[in-house]
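Data block below; observations after.
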Amino acid sequence: MQYQDINAKAINRWVEEGWKWGIPIDHETYEKAKNGAWNVLLTPTKPVPHDWFGTLRGKKILGLASGGGQQMPVFAALGADCTVLDYSDAQLDSERRVSEREGYPIAIVKADMTQPLPFADETFDLIFHPVSNCYVREVRPIFSECFRILKPGGVLLSGLDNGINFLFDGEDETQVVNSFPFDPLKNPAQMEQLERCDCAVEFSHTLGEQIGGQLEAGFILTHLYEDTNGEGRLDELHIPTFFATRAVKPFSTSEANGAFRH
């Protein structure tokens, strides 16, 4: 079994057990969004600033590995034309149930984001990509695919893991035991560690991969903020373990070159 399939199976089970990232929004939250009161998360605790989005009505939005019925219903309530891609049947089922309950259309696509994305060039105005590429070994190809399927001027919003969580073994977060990269496909001890904690197959990524990968794909980085786990010792110590980025696909090569000069 490929690690992607192991991860999908694990997430399906977590959803059945009440995983907080698999609990869809309720009707009241949907109605509040329709009336302009809304927030969504890319990382565990900090809402994404509304000015990162611009006007959403009529925009084509892709929720990339964003199943679960938490963000896409909000965007639909705000008038966006929504597509969600995920590799977990349970997460996609949540999207389907919320859309049927609230009566809005959404395109639901089961696909593995480690493969070429099943969309034509320049399809979307915005991609919403909450923390999920920690379940993927190679992230640069994902950013390249996002660049390809975004329209010029399109926006990529990403929630990313900075790697600190992978230093520790166990929930007490007190003893650094792991070397980097954290790659359980190469390191059997790290795979055993993940199995002991009932984790999926996860991977650390450097800032060079995460931010550098977006820049190499052609994006212009416009905004960034950091966030914590929201619980546990690292959170109590206010240690950032995640960050969110806003990146834009330029309208032209000259625009991108100008951004780097400045």
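Identifiers in this document derive from the order of the structure tokens: chains are assigned A, B, ..., residues are numbered from 1 separately in each chain, and ligands are numbered from 1 in order of occurrence.
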
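All residues within segment 68-146 of chain A that the backbone DSSP calculation assigns to strand (DSSP E) are Asp81, Cys82, Thr83, Val84, Leu85, Asp86, Ala107, Ile108, Val109, Lys110, Phe124, Asp125, Leu126, Ile127, Phe128 and His129 of chain A.
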
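Across the structure, atom CA of Ala217 of chain A and atom CA of Gly63 of chain A are spaced 19.2 Å apart.
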
- Task: Check segment 10-243 of chain A with DSSP on the backbone and list each residue it calls alpha helix (DSSP H), as a ChimeraX atom specification.
- Result: /A:10-16,27-34,72-77,89-102,140-149,188-196,207-217,233-236

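The shortest atom-to-atom distance to Gln214 of chain A, with only C-alpha atoms taken into account, belongs to A:Cys146 out of A:Ile108, A:Cys146, A:Ala65, A:Leu117.
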
- Query: Which one of A:Val201, A:Leu194, A:Ile106, A:Leu56 sits closest to Ala8 of chain A if you count only C-alpha atoms?
  - Reply: A:Val201

- Message: Using only C-alpha atoms, which protein or nucleic acid residues come within 8 Å of segment 172-177 of chain A? Drop anything in the same chain fewer than 2 positions from it, and give the result as an MDAnalysis selection string.
- Response: chainID A and resid 167:170 179 232:234

- Task: For segment 74-89 of chain A, work out the shell of residues within 7 Å, counting only C-alpha atoms and skipping chain neighbours fewer than 2 positions away, then give it as a ChimeraX atom specification.
- Result: /A:8,11-12,30,33-34,56-67,71-72,91-93,104,106-112

For segment 11-61 of chain A versus segment 237-251 of chain A, which residues have an atom no more than 9 Å away, and what is each residue's nearest atom pair and distance in Å rounded to one decimal, using only C-alpha atoms, chain-then-number order, as CSV?
```
residue,atom,partner,partner_atom,distance
A:Leu42,CA,A:Ala244,CA,6.5
A:Thr43,CA,A:Phe242,CA,6.5
A:Pro44,CA,A:Phe242,CA,8.0
A:Val48,CA,A:Ala244,CA,8.3
A:Trp52,CA,A:Arg246,CA,6.9
```

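Using only C-alpha atoms, the nearest neighbour of Ser132 of chain A within the list A:Met113, A:Met1, A:Val155, A:Ile149 is A:Met113.
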
- Query: Any idea what's packed within 10 Å of His205 of chain A, counting only C-alpha atoms, ignoring anything in its chain fewer than 3 positions away? Could you give it as number ranges by chain?
  - Reply: A: 133-134, 136-139, 160-164, 166, 180-183, 202, 208-210

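Here atom CA of Glu145 of chain A stands at a distance of 10.4 Å from atom CA of Glu122 of chain A.
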